[in-house]
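Coordinates from entry_1.txt are shown below (compact mmCIF, C-alpha atoms).
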```
# COMPACT_ATOMS: atom_id res chain seq x y z
CA MET A 1 -21.33 8.26 2.43
CA ILE A 2 -18.05 6.77 3.63
CA LEU A 3 -17.69 6.14 7.36
CA THR A 4 -14.93 7.79 9.36
CA GLY A 5 -12.60 5.61 11.44
CA LYS A 6 -14.41 6.76 14.59
CA GLU A 7 -17.76 5.73 13.13
CA ILE A 8 -16.37 2.31 12.10
CA GLU A 9 -15.25 1.80 15.72
CA LYS A 10 -18.67 2.89 17.01
CA GLU A 11 -20.49 0.45 14.73
CA VAL A 12 -18.11 -2.42 15.59
CA ILE A 13 -18.92 -1.83 19.28
CA GLY A 14 -22.63 -1.49 18.43
CA GLY A 15 -22.58 -4.72 16.41
CA LYS A 16 -23.57 -3.27 13.02
CA ILE A 17 -20.08 -3.94 11.62
CA ILE A 18 -18.24 -7.22 12.25
CA ILE A 19 -14.43 -7.11 12.40
CA ASP A 20 -13.07 -10.05 14.38
CA PRO A 21 -10.52 -9.71 15.91
CA PHE A 22 -10.72 -5.90 16.13
CA HIS A 23 -7.81 -3.72 17.23
CA LYS A 24 -8.32 0.01 17.54
CA SER A 25 -4.71 0.61 16.46
CA ASN A 26 -5.60 -0.59 12.93
CA LEU A 27 -8.10 2.23 12.38
CA ASN A 28 -7.32 4.91 9.78
CA PRO A 29 -9.17 8.21 9.18
CA ASN A 30 -11.66 6.39 6.90
CA SER A 31 -10.73 2.71 6.90
CA TYR A 32 -9.47 -0.28 8.89
CA ASP A 33 -6.22 -2.16 8.07
CA PHE A 34 -6.56 -5.95 7.70
CA ARG A 35 -4.05 -8.83 7.75
CA LEU A 36 -3.15 -11.60 5.35
CA GLY A 37 -4.20 -15.13 6.34
CA GLY A 38 -1.69 -17.99 6.50
CA TYR A 39 -2.10 -19.75 3.14
CA VAL A 40 -2.91 -19.12 -0.54
CA LYS A 41 -4.40 -21.09 -3.41
CA VAL A 42 -3.20 -21.21 -7.02
CA TYR A 43 -4.91 -22.67 -10.07
CA LYS A 44 -3.22 -25.80 -11.40
CA ASN A 45 -4.10 -24.98 -15.02
CA ASN A 46 -2.31 -22.27 -16.93
CA VAL A 47 -5.16 -21.49 -19.33
CA LEU A 48 -8.25 -20.81 -17.23
CA ASP A 49 -11.60 -21.79 -18.72
CA PRO A 50 -14.54 -20.25 -16.83
CA LYS A 51 -16.83 -23.08 -17.93
CA ILE A 52 -14.72 -25.69 -16.12
CA LYS A 53 -14.29 -26.15 -12.36
CA GLN A 54 -10.61 -25.35 -11.81
CA GLU A 55 -8.38 -27.53 -9.66
CA VAL A 56 -6.36 -25.59 -7.10
CA GLU A 57 -3.27 -26.19 -5.02
CA THR A 58 -3.02 -24.89 -1.44
CA ILE A 59 0.33 -23.40 -0.39
CA ASP A 60 1.14 -22.49 3.23
CA ILE A 61 3.02 -19.24 3.71
CA PRO A 62 6.19 -20.22 5.61
CA GLU A 63 7.73 -18.04 8.35
CA ALA A 64 10.39 -16.89 5.87
CA GLY A 65 7.67 -15.70 3.49
CA LEU A 66 6.42 -16.88 0.10
CA ILE A 67 7.64 -15.40 -3.19
CA LEU A 68 4.81 -14.59 -5.61
CA SER A 69 5.49 -14.80 -9.33
CA PRO A 70 4.03 -12.11 -11.63
CA LYS A 71 2.76 -14.88 -13.91
CA LYS A 72 0.15 -16.33 -11.52
CA ILE A 73 -2.96 -15.28 -9.65
CA TYR A 74 -2.78 -16.19 -5.99
CA LEU A 75 -5.94 -16.35 -3.93
CA GLY A 76 -5.33 -15.26 -0.36
CA PHE A 77 -7.71 -14.39 2.42
CA ILE A 78 -8.19 -11.83 5.13
CA LYS A 79 -7.31 -13.11 8.59
CA GLU A 80 -10.12 -11.13 10.20
CA ARG A 81 -13.74 -12.19 9.75
CA MET A 82 -15.50 -9.10 8.45
CA GLY A 83 -18.72 -7.76 7.01
CA SER A 84 -21.91 -5.86 7.71
CA ASN A 85 -25.65 -6.17 7.20
CA PHE A 86 -25.93 -2.36 7.25
CA TYR A 87 -22.95 -0.92 5.38
CA VAL A 88 -21.23 -1.76 2.07
CA PRO A 89 -17.57 -2.73 2.42
CA ILE A 90 -15.03 -1.82 -0.27
CA ILE A 91 -11.53 -3.26 0.01
CA ARG A 92 -8.25 -1.73 -1.15
CA GLY A 93 -4.56 -2.27 -0.71
CA ARG A 94 -2.66 -0.07 1.69
CA SER A 95 -0.61 2.49 -0.18
CA SER A 96 2.45 0.76 1.32
CA THR A 97 1.37 -2.42 -0.51
CA GLY A 98 0.66 -0.61 -3.79
CA ARG A 99 4.09 1.05 -3.74
CA LEU A 100 5.55 -2.47 -3.71
CA GLY A 101 3.57 -3.37 -6.83
CA LEU A 102 1.16 -5.82 -5.21
CA PHE A 103 -2.47 -5.83 -6.34
CA ILE A 104 -4.76 -7.28 -3.66
CA HIS A 105 -7.83 -7.56 -5.90
CA ILE A 106 -8.41 -7.60 -9.62
CA THR A 107 -10.89 -4.79 -10.32
CA SER A 108 -13.46 -6.27 -7.92
CA ASP A 109 -13.18 -4.26 -4.76
CA LEU A 110 -16.87 -4.29 -3.82
CA ILE A 111 -18.11 -6.67 -1.11
CA ASP A 112 -21.80 -7.54 -0.99
CA ILE A 113 -23.74 -6.24 1.97
CA GLY A 114 -24.48 -9.26 4.19
CA SER A 115 -21.36 -11.17 3.15
CA ILE A 116 -19.72 -11.76 6.53
CA ASN A 117 -16.69 -14.04 6.35
CA ASN A 118 -12.96 -14.15 5.64
CA TRP A 119 -12.98 -12.47 2.23
CA THR A 120 -10.82 -13.75 -0.58
CA LEU A 121 -8.00 -11.57 -1.91
CA GLN A 122 -6.89 -11.78 -5.55
CA LEU A 123 -3.15 -11.29 -5.26
CA HIS A 124 -1.19 -10.25 -8.33
CA ALA A 125 2.46 -9.18 -8.20
CA THR A 126 3.82 -6.70 -10.77
CA GLN A 127 7.36 -7.85 -9.91
CA LYS A 128 8.38 -10.85 -7.80
CA ILE A 129 7.48 -10.09 -4.18
CA ARG A 130 7.78 -11.90 -0.88
CA ILE A 131 4.62 -12.02 1.25
CA PHE A 132 4.33 -12.85 4.93
CA LYS A 133 1.38 -14.21 6.89
CA ASP A 134 -0.23 -11.68 9.24
CA MET A 135 1.24 -8.75 7.28
CA LEU A 136 -0.96 -5.66 7.24
CA ILE A 137 -1.83 -5.94 3.57
CA GLY A 138 -4.97 -3.96 2.90
CA GLN A 139 -7.74 -1.75 4.20
CA VAL A 140 -11.52 -1.82 4.19
CA THR A 141 -13.89 1.14 3.97
CA PHE A 142 -17.62 1.06 4.82
CA TRP A 143 -20.27 2.98 2.87
CA LYS A 144 -23.84 3.93 3.79
CA PRO A 145 -26.21 2.57 1.14
CA LYS A 146 -29.43 4.18 -0.11
CA GLY A 147 -32.53 2.04 -0.57
CA GLN A 148 -33.96 -1.19 0.82
CA ILE A 149 -31.28 -3.70 1.79
CA VAL A 150 -31.36 -7.27 0.47
CA LEU A 151 -28.59 -9.32 2.05
CA TYR A 152 -26.10 -11.38 0.04
CA ASP A 153 -27.10 -15.00 -0.48
CA GLY A 154 -24.66 -16.03 -3.19
CA LYS A 155 -22.15 -18.68 -4.16
CA TYR A 156 -19.43 -17.61 -1.75
CA LYS A 157 -21.57 -17.28 1.37
CA ASN A 158 -19.91 -18.66 4.53
CA SER A 159 -16.52 -19.11 2.86
CA THR A 160 -13.80 -19.17 5.48
CA GLY A 161 -10.59 -19.10 3.44
CA PRO A 162 -9.45 -18.34 -0.10
CA THR A 163 -12.22 -19.48 -2.40
CA GLU A 164 -11.59 -20.13 -6.08
CA SER A 165 -13.94 -18.83 -8.77
CA TYR A 166 -17.30 -20.59 -8.97
CA ILE A 167 -18.15 -18.92 -12.28
CA TRP A 168 -18.50 -22.39 -13.87
CA LYS A 169 -21.80 -22.72 -12.01
CA ASP A 170 -23.18 -19.81 -14.06
CA PHE A 171 -22.81 -21.86 -17.24
CA ASN A 172 -24.73 -24.88 -15.93
CA ASN A 173 -28.02 -23.05 -15.40
CA MET B 1 -21.81 11.10 -1.57
CA ILE B 2 -19.45 12.22 -4.29
CA LEU B 3 -18.91 15.93 -4.95
CA THR B 4 -19.68 17.45 -8.33
CA GLY B 5 -17.04 19.48 -10.16
CA GLU B 6 -18.84 22.71 -9.26
CA GLU B 7 -18.86 21.71 -5.57
CA ILE B 8 -15.12 20.86 -5.71
CA LYS B 9 -14.47 24.36 -7.07
CA LYS B 10 -16.66 25.93 -4.37
CA GLU B 11 -14.84 24.05 -1.60
CA VAL B 12 -11.41 24.94 -3.05
CA LEU B 13 -12.45 28.61 -2.87
CA ASN B 14 -13.71 28.03 0.71
CA ASN B 15 -10.36 26.43 1.64
CA ARG B 16 -12.09 23.19 2.59
CA ILE B 17 -10.39 21.35 -0.29
CA HIS B 18 -6.69 21.84 -0.97
CA ILE B 19 -5.61 21.66 -4.65
CA LYS B 20 -2.48 23.65 -5.45
CA PRO B 21 -2.11 24.90 -8.15
CA PHE B 22 -5.81 24.92 -9.09
CA PHE B 23 -7.20 25.72 -12.55
CA SER B 24 -10.94 25.54 -13.27
CA GLU B 25 -10.31 24.03 -16.71
CA ASN B 26 -9.12 20.81 -15.03
CA LEU B 27 -12.54 20.23 -13.47
CA ASN B 28 -14.67 17.31 -14.67
CA PRO B 29 -18.33 16.62 -13.80
CA ASN B 30 -17.23 14.74 -10.62
CA SER B 31 -13.45 15.03 -10.40
CA TYR B 32 -10.37 17.15 -10.99
CA ASN B 33 -7.53 16.22 -13.38
CA TYR B 34 -4.00 16.11 -11.99
CA HIS B 35 -0.64 16.12 -13.80
CA LEU B 36 2.47 13.93 -13.71
CA GLY B 37 5.50 15.34 -11.87
CA PRO B 38 9.05 15.20 -13.36
CA ILE B 39 10.60 12.44 -11.19
CA ILE B 40 10.00 8.69 -11.53
CA LEU B 41 11.45 6.03 -9.23
CA GLU B 42 11.87 2.59 -10.77
CA ILE B 43 11.84 -0.20 -8.17
CA SER B 44 14.93 -2.24 -9.04
CA ASP B 45 14.83 -5.15 -6.54
CA SER B 46 14.80 -8.59 -8.18
CA VAL B 47 12.46 -9.76 -5.40
CA VAL B 48 10.53 -7.02 -3.58
CA ASP B 49 10.62 -7.62 0.18
CA PRO B 50 8.19 -5.64 2.35
CA LYS B 51 10.53 -6.07 5.34
CA ARG B 52 13.30 -4.14 3.53
CA LYS B 53 13.62 -0.68 2.00
CA SER B 54 13.07 -0.85 -1.79
CA LYS B 55 16.05 -0.25 -4.10
CA VAL B 56 15.26 2.43 -6.66
CA LYS B 57 16.59 4.02 -9.81
CA LYS B 58 15.73 7.72 -10.05
CA ILE B 59 14.66 8.96 -13.48
CA LYS B 60 14.19 12.60 -14.40
CA LEU B 61 11.64 12.88 -17.20
CA SER B 62 12.69 14.96 -20.19
CA SER B 63 10.35 16.45 -22.77
CA LYS B 64 11.15 13.41 -24.96
CA GLY B 65 9.36 11.21 -22.43
CA PHE B 66 10.28 7.88 -20.88
CA VAL B 67 9.18 4.36 -21.83
CA LEU B 68 7.54 2.40 -19.02
CA ARG B 69 7.97 -1.38 -19.38
CA PRO B 70 5.50 -4.06 -18.31
CA GLY B 71 6.52 -6.11 -15.26
CA ARG B 72 8.05 -3.15 -13.43
CA ILE B 73 6.74 -0.79 -10.76
CA TYR B 74 7.39 2.91 -11.24
CA LEU B 75 6.55 5.49 -8.58
CA GLY B 76 5.63 8.93 -9.87
CA SER B 77 3.91 11.86 -8.22
CA THR B 78 1.25 14.42 -8.91
CA ILE B 79 2.43 17.97 -9.58
CA GLU B 80 -0.48 19.20 -7.49
CA GLU B 81 -0.76 19.10 -3.70
CA ILE B 82 -4.13 17.51 -3.05
CA GLY B 83 -6.14 16.80 0.10
CA SER B 84 -8.87 17.86 2.50
CA ASP B 85 -9.71 17.90 6.20
CA TYR B 86 -13.42 17.63 5.33
CA TYR B 87 -13.69 15.20 2.41
CA VAL B 88 -12.18 11.82 1.55
CA THR B 89 -10.11 11.73 -1.64
CA THR B 90 -9.93 8.84 -4.08
CA LEU B 91 -7.49 8.90 -6.94
CA ILE B 92 -7.92 7.13 -10.26
CA GLY B 93 -6.59 7.31 -13.81
CA ARG B 94 -8.33 9.15 -16.61
CA SER B 95 -10.16 6.89 -19.02
CA SER B 96 -7.79 8.24 -21.69
CA VAL B 97 -4.83 6.59 -19.94
CA GLY B 98 -6.76 3.47 -18.93
CA ARG B 99 -7.48 2.95 -22.64
CA LEU B 100 -3.69 2.87 -23.15
CA GLY B 101 -3.23 0.20 -20.46
CA LEU B 102 -1.71 2.40 -17.74
CA TYR B 103 -2.51 1.83 -14.06
CA LEU B 104 -2.03 4.91 -11.85
CA GLN B 105 -2.45 3.11 -8.56
CA ILE B 106 -2.24 -0.50 -7.48
CA THR B 107 -5.49 -1.11 -5.55
CA ALA B 108 -4.64 1.74 -3.16
CA ASP B 109 -6.78 4.61 -4.42
CA LEU B 110 -7.87 5.97 -1.04
CA GLY B 111 -6.44 9.15 0.47
CA HIS B 112 -6.66 9.59 4.22
CA MET B 113 -8.76 12.55 5.26
CA GLY B 114 -6.47 15.24 6.61
CA SER B 115 -3.44 14.35 4.50
CA LYS B 116 -2.46 17.05 2.00
CA HIS B 117 0.55 16.59 -0.24
CA CYS B 118 1.65 15.62 -3.74
CA TRP B 119 0.43 12.05 -4.19
CA THR B 120 2.68 9.16 -5.05
CA LEU B 121 1.42 7.34 -8.15
CA GLU B 122 1.99 3.61 -8.56
CA LEU B 123 2.55 3.32 -12.30
CA CYS B 124 2.30 -0.05 -14.02
CA VAL B 125 1.69 -0.72 -17.72
CA VAL B 126 0.16 -3.58 -19.70
CA GLN B 127 2.14 -2.75 -22.87
CA PRO B 128 5.21 -0.45 -23.18
CA LEU B 129 4.03 3.15 -22.90
CA ILE B 130 5.76 6.54 -23.05
CA VAL B 131 4.97 9.06 -20.32
CA TYR B 132 5.80 12.77 -20.44
CA PRO B 133 6.34 15.29 -17.63
CA LYS B 134 3.32 17.50 -16.87
CA MET B 135 0.96 15.27 -18.86
CA LYS B 136 -2.61 15.24 -17.61
CA ILE B 137 -2.60 11.71 -16.26
CA GLY B 138 -5.33 11.09 -13.70
CA GLN B 139 -8.25 12.43 -11.74
CA VAL B 140 -9.18 12.82 -8.11
CA SER B 141 -12.68 12.66 -6.57
CA PHE B 142 -13.93 13.89 -3.20
CA TRP B 143 -16.44 12.08 -0.99
CA GLU B 144 -18.49 13.25 1.97
CA PRO B 145 -17.72 11.29 5.16
CA PHE B 146 -20.14 10.18 7.85
CA GLY B 147 -19.23 10.27 11.55
CA ALA B 148 -16.76 12.08 13.77
CA PRO B 149 -13.14 12.38 12.65
CA LEU B 150 -10.78 9.70 14.04
CA THR B 151 -8.31 12.24 15.35
CA GLU B 152 -8.04 15.98 15.18
CA LYS B 153 -5.14 15.87 12.77
CA PHE B 154 -3.96 12.97 10.64
CA ASP B 155 -0.25 12.30 10.90
CA GLY B 156 0.64 9.41 8.60
CA LYS B 157 3.96 8.10 7.33
CA TYR B 158 3.75 9.84 3.96
CA GLN B 159 2.75 13.38 5.00
CA LYS B 160 4.41 16.55 3.68
CA TYR B 161 6.19 15.16 0.61
CA CYS B 162 6.26 16.51 -2.91
CA VAL B 163 8.27 13.74 -4.62
CA PRO B 164 7.44 10.04 -5.14
CA LYS B 165 7.97 8.10 -1.91
CA ILE B 166 8.86 4.41 -1.66
CA SER B 167 6.85 2.06 0.55
CA GLU B 168 7.56 2.35 4.24
CA MET B 169 5.91 -0.95 5.04
CA TYR B 170 9.18 -2.19 6.55
CA LYS B 171 8.40 0.13 9.47
CA ASN B 172 5.18 -1.66 10.41
CA ILE B 173 4.57 -4.82 8.43
CA LEU B 174 2.75 -6.49 11.35
```

For this file, produce the structure as structure tokens.
Amino acid sequence: MILTGKEIEKEVIGGKIIIDPFHKSNLNPNSYDFRLGGYVKVYKNNVLDPKIKQEVETIDIPEAGLILSPKKIYLGFIKERMGSNFYVPIIRGRSSTGRLGLFIHITSDLIDIGSINNWTLQLHATQKIRIFKDMLIGQVTFWKPKGQIVLYDGKYKNSTGPTESYIWKDFNN
Amino acid sequence: MILTGEEIKKEVLNNRIHIKPFFSENLNPNSYNYHLGPIILEISDSVVDPKRKSKVKKIKLSSKGFVLRPGRIYLGSTIEEIGSDYYVTTLIGRSSVGRLGLYLQITADLGHMGSKHCWTLELCVVQPLIVYPKMKIGQVSFWEPFGAPLTEKFDGKYQKYCVPKISEMYKNIL
């Protein structure tokens, strides 16, 4: 079951959901609006090979905004530290973001239960778009799971900013 | 929990789900198929700026259809008014249109509980694709919420519309 905005607030106060900083004004009927952090990463290579560790470049988002090209994937991050050991988060764009043609993830909207950090966003622009730091870019919903909970202990644990793909590690095993 | 097609029908008859017009033949095992409305807005800015109102070109779909091009955003709408005060809606494409490379929403598939209107669709194609008015284009699911409602009545920016609406992010970007 999906939590209502009121229930999200209750569980943030009760400590079962982490949203830091938390502002009540960002609550929606069934989600919480989050902000874009201040920098992004882009892959230096054009052809991406999942077997190879990819070099990235970090770009600060200036006050005047940063124009995203439709030809690149930009890795951003959520300004708020978020997560839960009790509920499953699913992230989405706000409809205001979607109407501007900006994808905030690439078909991977599910966050592991127990992954509490500044989640990475996979930004993809349909048309050239200007982004601003701190903009209200997306929303997170929380879902009640069924079954015994095993917390996330994966590759991206404790990441604090945009984190590039570590899929190359899968090939070395 | 997600509602079955039979449960969606039951709740439409109980007035706890709003789908107008409603025809049982559009029910799927866990969703309801919606149709594409006749107006498309093409976003025509060279650089989209969330702090400014989008420039648009309005297109009225004829029975001959209209070719959507990759690299552009088109806003369409559902013919149906859809929503519920009791369930959360999520809106996706049909697999039949996904197989043709058409996105119906751009990572914003969630409907706010309490909002009932024709939905704006965020159309984006991988290859050029022709769309036709009234085509059966996507599906909507309904989910049971947990917890008390946030407010008695939801009053968002995009309430009460039956045509595609451009982003109003410029009103509250921060």

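If you take all atoms listed in the file and a cut-off of 6 Å, the residues of chain A that reach chain B are Met1, Ile2, Leu3, Thr4, Gly5, Lys6, Glu7, Pro29, Arg92, Gly93, Arg94, Ser95, Ser96, Gly98, Arg99, Gly101, Phe103, Thr126, Gln127, Lys128, Ile129, Arg130, Met135 and Leu136 of chain A.
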
Output of the above residues as a PDB file, keeping the file's coordinate frame, restricted to C-alpha atoms:
```pdb
ATOM      1  CA  MET A   1     -21.330   8.260   2.430  1.00  0.00           C
ATOM      2  CA  ILE A   2     -18.050   6.770   3.630  1.00  0.00           C
ATOM      3  CA  LEU A   3     -17.690   6.140   7.360  1.00  0.00           C
ATOM      4  CA  THR A   4     -14.930   7.790   9.360  1.00  0.00           C
ATOM      5  CA  GLY A   5     -12.600   5.610  11.440  1.00  0.00           C
ATOM      6  CA  LYS A   6     -14.410   6.760  14.590  1.00  0.00           C
ATOM      7  CA  GLU A   7     -17.760   5.730  13.130  1.00  0.00           C
ATOM      8  CA  PRO A  29      -9.170   8.210   9.180  1.00  0.00           C
ATOM      9  CA  ARG A  92      -8.250  -1.730  -1.150  1.00  0.00           C
ATOM     10  CA  GLY A  93      -4.560  -2.270  -0.710  1.00  0.00           C
ATOM     11  CA  ARG A  94      -2.660  -0.070   1.690  1.00  0.00           C
ATOM     12  CA  SER A  95      -0.610   2.490  -0.180  1.00  0.00           C
ATOM     13  CA  SER A  96       2.450   0.760   1.320  1.00  0.00           C
ATOM     14  CA  GLY A  98       0.660  -0.610  -3.790  1.00  0.00           C
ATOM     15  CA  ARG A  99       4.090   1.050  -3.740  1.00  0.00           C
ATOM     16  CA  GLY A 101       3.570  -3.370  -6.830  1.00  0.00           C
ATOM     17  CA  PHE A 103      -2.470  -5.830  -6.340  1.00  0.00           C
ATOM     18  CA  THR A 126       3.820  -6.700 -10.770  1.00  0.00           C
ATOM     19  CA  GLN A 127       7.360  -7.850  -9.910  1.00  0.00           C
ATOM     20  CA  LYS A 128       8.380 -10.850  -7.800  1.00  0.00           C
ATOM     21  CA  ILE A 129       7.480 -10.090  -4.180  1.00  0.00           C
ATOM     22  CA  ARG A 130       7.780 -11.900  -0.880  1.00  0.00           C
ATOM     23  CA  MET A 135       1.240  -8.750   7.280  1.00  0.00           C
ATOM     24  CA  LEU A 136      -0.960  -5.660   7.240  1.00  0.00           C
TER      25      LEU A 136
END
```

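Around Gln148 (chain A), within 12 Å and counting only C-alpha atoms, the residues found are Asn85, Phe86, Tyr87, Ile113, Lys144, Pro145, Lys146, Val150 and Leu151 of chain A, once anything fewer than 2 positions away on its own chain is removed.
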
Mind writing the picked residues with C-alpha atoms as a CSV table (one decimal), in the coordinates of the input?
```csv
chain,number,residue,atom,x,y,z
A,85,ASN,CA,-25.6,-6.2,7.2
A,86,PHE,CA,-25.9,-2.4,7.2
A,87,TYR,CA,-23.0,-0.9,5.4
A,113,ILE,CA,-23.7,-6.2,2.0
A,144,LYS,CA,-23.8,3.9,3.8
A,145,PRO,CA,-26.2,2.6,1.1
A,146,LYS,CA,-29.4,4.2,-0.1
A,150,VAL,CA,-31.4,-7.3,0.5
A,151,LEU,CA,-28.6,-9.3,2.0
```

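Picture a line from CA of Asp49 (chain A) to CA of Asp109 (chain A); it runs 22.5 Å.
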
* Interatomic distance, CA of Trp168 (chain A) to CA of Glu80 (chain A) (Å, one decimal) -> 27.9 Å

* Asked: Near Leu110 (chain A), within 12 Å and counting all atoms listed in the file, which residues show up once chain neighbours fewer than 3 positions away are dropped, as a ChimeraX atom specification?
  -> /A:83,87-92,105-107,113,115,119-121,140-143 /B:107

Selection from above, C-alpha atoms, as an mmCIF file, keeping the file's coordinate frame, can you write it?
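Here's the written file selection.cif:
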```
data_model
loop_
_atom_site.group_PDB
_atom_site.id
_atom_site.type_symbol
_atom_site.label_atom_id
_atom_site.label_comp_id
_atom_site.auth_asym_id
_atom_site.auth_seq_id
_atom_site.Cartn_x
_atom_site.Cartn_y
_atom_site.Cartn_z
ATOM 1 C CA GLY A 83 -18.720 -7.760 7.010
ATOM 2 C CA TYR A 87 -22.950 -0.920 5.380
ATOM 3 C CA VAL A 88 -21.230 -1.760 2.070
ATOM 4 C CA PRO A 89 -17.570 -2.730 2.420
ATOM 5 C CA ILE A 90 -15.030 -1.820 -0.270
ATOM 6 C CA ILE A 91 -11.530 -3.260 0.010
ATOM 7 C CA ARG A 92 -8.250 -1.730 -1.150
ATOM 8 C CA HIS A 105 -7.830 -7.560 -5.900
ATOM 9 C CA ILE A 106 -8.410 -7.600 -9.620
ATOM 10 C CA THR A 107 -10.890 -4.790 -10.320
ATOM 11 C CA ILE A 113 -23.740 -6.240 1.970
ATOM 12 C CA SER A 115 -21.360 -11.170 3.150
ATOM 13 C CA TRP A 119 -12.980 -12.470 2.230
ATOM 14 C CA THR A 120 -10.820 -13.750 -0.580
ATOM 15 C CA LEU A 121 -8.000 -11.570 -1.910
ATOM 16 C CA VAL A 140 -11.520 -1.820 4.190
ATOM 17 C CA THR A 141 -13.890 1.140 3.970
ATOM 18 C CA PHE A 142 -17.620 1.060 4.820
ATOM 19 C CA TRP A 143 -20.270 2.980 2.870
ATOM 20 C CA THR B 107 -5.490 -1.110 -5.550
#
```

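We find CA of Leu100 (chain B) and CA of Lys64 (chain B) to be spaced 18.3 Å apart.
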
* To do: Show which residues sit within 9 Å of Ile40 (chain B), as a ChimeraX atom specification. Count all atoms listed in the file, and ignore same-chain residues fewer than 6 positions away.
  => /B:57-61,74-77,163-164
